[in-house]
Amino acid sequence: MTLKPDIKVMRMIKALDSPTRMQIVNLIVNSSAVSFTGIREHLETLTGKTISKGTLAYHLDILVQGNILTRELSRNPDRTYSTYETTEEAKKTLTALGILIEHEKKEPATPQ
Amino acid sequence: MEGEKRYDLIDGDALNKIYDELRSRLNNIVPLVVVCGPGKCDPDEDCTACEPEKRMDCMYHQRNALKTALNDSGCLATTFEEDLELEYASLQEQIILREPEVDIVFIFPDSRGSAAELLQFTRDPVIRPKVRVLVPHQYHPLYMESESYLTSVYQELMATHGHVYPYDPRNEAHRTPEYIALMMMGAYRLYRLAHLPEMSADQ
């Protein structure tokens, strides 16, 4: 499987270029929809550190803009809830990237 | 002739190869941009309170239009979430903007509060080089059409920082925020390209 390095893929790679965002994607790619609070609690358990709402919202929006996650908003009179899911396109790209990484591990590129 | 330096002419194919390689590298640069600006006109609505013909004057719409234009042009653009009712929002934003991954920060100041925030950001030596300020042309100090507090803030910034740009979506002479921002991001991509590792024609 080859991965064409077009701008969509480059934007996805840039969006993933952060340990926090990789942890978020690892959580969501293996689940169905996850809420903002669920992601926050998961990250705090994983790292043992608190993450501010603002910082988490920033990372999540980058993943949404990078077409890795979709955001679903639901409202009730008191507040707005957001839930996040991985896009199909991201799943395919992540799978391809995973294959590439595995391939690199088996056959490391030799310097020319 | 002895001692004369000879230059080999580069052939057309090699030149085309370099050009294609540069173009592809340029297109693969994805700057991370944060667009800061006002929240919704009505916090309970999706800003549908604005009639379509009034949206040119609504800075919330302009902020979102800029975010969309930047994302469509291959950048990764984000805005700060306004639904979260954050405590110490400005401090949290400052921490994020200090991150090395943030390349450029576009700011639409719209009030005394946001002008104070703008000054706070531009006094931070890490954030300052990333900041580009977009202001309606009537408030830009160059045009001397306003005596508001904001204009004096922009005047100070013009003198100390420089990156304060007038826009007016209704007047082609001043351009839209999207036009200004996309021009700047084009230049920024070239700057980044110039700082990539060395390349040769046979790569």
# chains A, B, ... in the order shown; residues from 1 in each chain; ligands from 1

$ closest_atom_pairs --of "chain B" --to "chain A" --cutoff "9 Å" --atoms "only C-alpha atoms" --output "Markdown table"
| residue | atom | partner | partner_atom | distance |
| --- | --- | --- | --- | --- |
| B:Ser24 | CA | A:Asp6 | CA | 8.9 |
| B:Asn27 | CA | A:Ile7 | CA | 6.7 |
| B:Asn28 | CA | A:Ile7 | CA | 5.9 |
| B:Ile29 | CA | A:Met10 | CA | 7.7 |
| B:Val30 | CA | A:Arg11 | CA | 6.1 |
| B:Pro31 | CA | A:Lys14 | CA | 8.4 |
| B:Leu32 | CA | A:Lys14 | CA | 8.1 |
| B:Asn71 | CA | A:Gln65 | CA | 7.2 |
| B:Gly74 | CA | A:Ile7 | CA | 6.3 |
| B:Cys75 | CA | A:Arg11 | CA | 7.3 |
| B:Leu76 | CA | A:Arg11 | CA | 6.5 |
| B:Ala77 | CA | A:Gln65 | CA | 7.0 |
| B:Thr78 | CA | A:Ile62 | CA | 6.1 |
| B:Thr79 | CA | A:Tyr58 | CA | 7.5 |
| B:Phe80 | CA | A:Tyr58 | CA | 6.4 |
| B:Glu81 | CA | A:Ala57 | CA | 6.4 |
| B:Asp83 | CA | A:Thr80 | CA | 7.4 |
| B:Leu84 | CA | A:Lys53 | CA | 7.2 |
| B:Leu86 | CA | A:Gly54 | CA | 6.9 |
| B:Ala89 | CA | A:Gly54 | CA | 7.2 |
| B:Gln92 | CA | A:Gly54 | CA | 6.3 |
| B:Glu93 | CA | A:Gly54 | CA | 7.3 |
| B:Ile95 | CA | A:Thr55 | CA | 8.6 |
| B:Ile96 | CA | A:Thr55 | CA | 6.8 |
| B:Glu101 | CA | A:Asp17 | CA | 8.7 |

$ residues_around --residues "Leu26 (chain B)" --least-positions-apart "2" --cutoff "10 Å" --atoms "only C-alpha atoms" --output "mmCIF file with C-alpha atoms, in the first residue's frame"
data_model
loop_
_atom_site.group_PDB
_atom_site.id
_atom_site.type_symbol
_atom_site.label_atom_id
_atom_site.label_comp_id
_atom_site.auth_asym_id
_atom_site.auth_seq_id
_atom_site.Cartn_x
_atom_site.Cartn_y
_atom_site.Cartn_z
ATOM 1 C CA ASP B 20 9.040 20.375 -9.346
ATOM 2 C CA GLU B 21 10.863 19.308 -6.201
ATOM 3 C CA LEU B 22 10.689 22.848 -4.762
ATOM 4 C CA ARG B 23 6.991 23.110 -5.612
ATOM 5 C CA SER B 24 6.245 19.790 -3.984
ATOM 6 C CA ASN B 28 3.967 19.971 1.751
ATOM 7 C CA ILE B 29 4.720 22.673 4.328
ATOM 8 C CA VAL B 30 1.727 22.856 6.666
ATOM 9 C CA GLY B 186 2.608 32.163 1.006
ATOM 10 C CA ARG B 189 5.961 28.945 3.380
ATOM 11 C CA LEU B 190 8.810 30.310 1.234
ATOM 12 C CA TYR B 191 10.658 31.335 4.405
ATOM 13 C CA ARG B 192 10.203 27.831 5.821
ATOM 14 C CA LEU B 193 11.313 26.265 2.544
ATOM 15 C CA ALA B 194 14.515 28.283 2.683
#

$ select_by_dssp --residues "region 27-102 of chain A" --states "helix (DSSP H, G or I)" --output "PyMOL selection string"
chain A and resi 27-29+36-47+53-65+88-102

$ residues_around --residues "Glu89 (chain A)" --least-positions-apart "2" --cutoff "12 Å" --atoms "only C-alpha atoms" --output "count of residues only"
18

$ residues_around --residues "Leu157 (chain B)" --least-positions-apart "3" --cutoff "12 Å" --atoms "only C-alpha atoms" --output "list in words"
Ala115, Ala116, Leu118, Leu119, Gln120, Phe121, Thr122, Arg123, Arg128, Val131, Arg132, Val133, Leu134, Val135, His140, Pro141, Leu150, Thr151, Ser152, Val153, Tyr154, Thr160, His161, Gly162, His163, Val164 and Tyr165 of chain B

$ atom_distance --atom1 "CA of Leu182 (chain B)" --atom2 "CA of Val102 (chain B)"
16.5 Å

$ select_by_dssp --residues "region 19-73 of chain A" --states "strand (DSSP E)" --output "JSON, numbers by chain"
{"A": [34, 35, 69, 70, 71, 72, 73]}

$ write_last_selection --atoms "all heavy atoms" --output "compact mmCIF listing (two decimals), in the first residue's frame"
# COMPACT_ATOMS: atom_id res chain seq x y z
N VAL A 34 -16.53 9.57 21.71
CA VAL A 34 -16.05 9.85 23.08
C VAL A 34 -16.34 11.32 23.38
O VAL A 34 -16.14 12.19 22.52
CB VAL A 34 -14.54 9.57 23.22
CG1 VAL A 34 -14.09 9.72 24.67
CG2 VAL A 34 -14.19 8.18 22.72
N SER A 35 -16.80 11.58 24.61
CA SER A 35 -17.14 12.96 24.96
C SER A 35 -15.89 13.75 25.33
O SER A 35 -14.84 13.17 25.66
CB SER A 35 -18.11 12.97 26.13
OG SER A 35 -17.44 12.55 27.29
N LEU A 69 -10.65 13.83 13.22
CA LEU A 69 -11.84 13.61 14.04
C LEU A 69 -13.02 14.41 13.49
O LEU A 69 -12.82 15.43 12.82
CB LEU A 69 -11.60 14.07 15.49
CG LEU A 69 -10.45 13.45 16.28
CD1 LEU A 69 -10.45 14.00 17.70
CD2 LEU A 69 -10.54 11.94 16.32
N THR A 70 -14.22 13.95 13.82
CA THR A 70 -15.41 14.78 13.58
C THR A 70 -15.99 15.13 14.94
O THR A 70 -15.85 14.35 15.89
CB THR A 70 -16.49 14.04 12.77
OG1 THR A 70 -16.78 12.80 13.44
CG2 THR A 70 -16.05 13.76 11.36
N ARG A 71 -16.61 16.29 15.01
CA ARG A 71 -17.20 16.74 16.27
C ARG A 71 -18.72 16.79 16.12
O ARG A 71 -19.23 17.35 15.14
CB ARG A 71 -16.67 18.13 16.62
CG ARG A 71 -17.29 18.73 17.86
CD ARG A 71 -16.61 20.02 18.29
NE ARG A 71 -16.02 20.77 17.20
CZ ARG A 71 -14.91 21.48 17.32
NH1 ARG A 71 -14.27 21.53 18.44
NH2 ARG A 71 -14.45 22.15 16.28
N GLU A 72 -19.41 16.24 17.06
CA GLU A 72 -20.88 16.30 17.07
C GLU A 72 -21.29 17.13 18.28
O GLU A 72 -20.87 16.83 19.40
CB GLU A 72 -21.42 14.87 17.18
CG GLU A 72 -22.89 14.71 16.93
CD GLU A 72 -23.25 14.81 15.46
OE1 GLU A 72 -22.53 14.24 14.62
OE2 GLU A 72 -24.25 15.48 15.16
N LEU A 73 -22.08 18.17 18.03
CA LEU A 73 -22.51 19.02 19.15
C LEU A 73 -23.94 18.68 19.52
O LEU A 73 -24.79 18.51 18.66
CB LEU A 73 -22.45 20.50 18.74
CG LEU A 73 -21.08 21.15 18.62
CD1 LEU A 73 -21.22 22.57 18.12
CD2 LEU A 73 -20.35 21.16 19.95
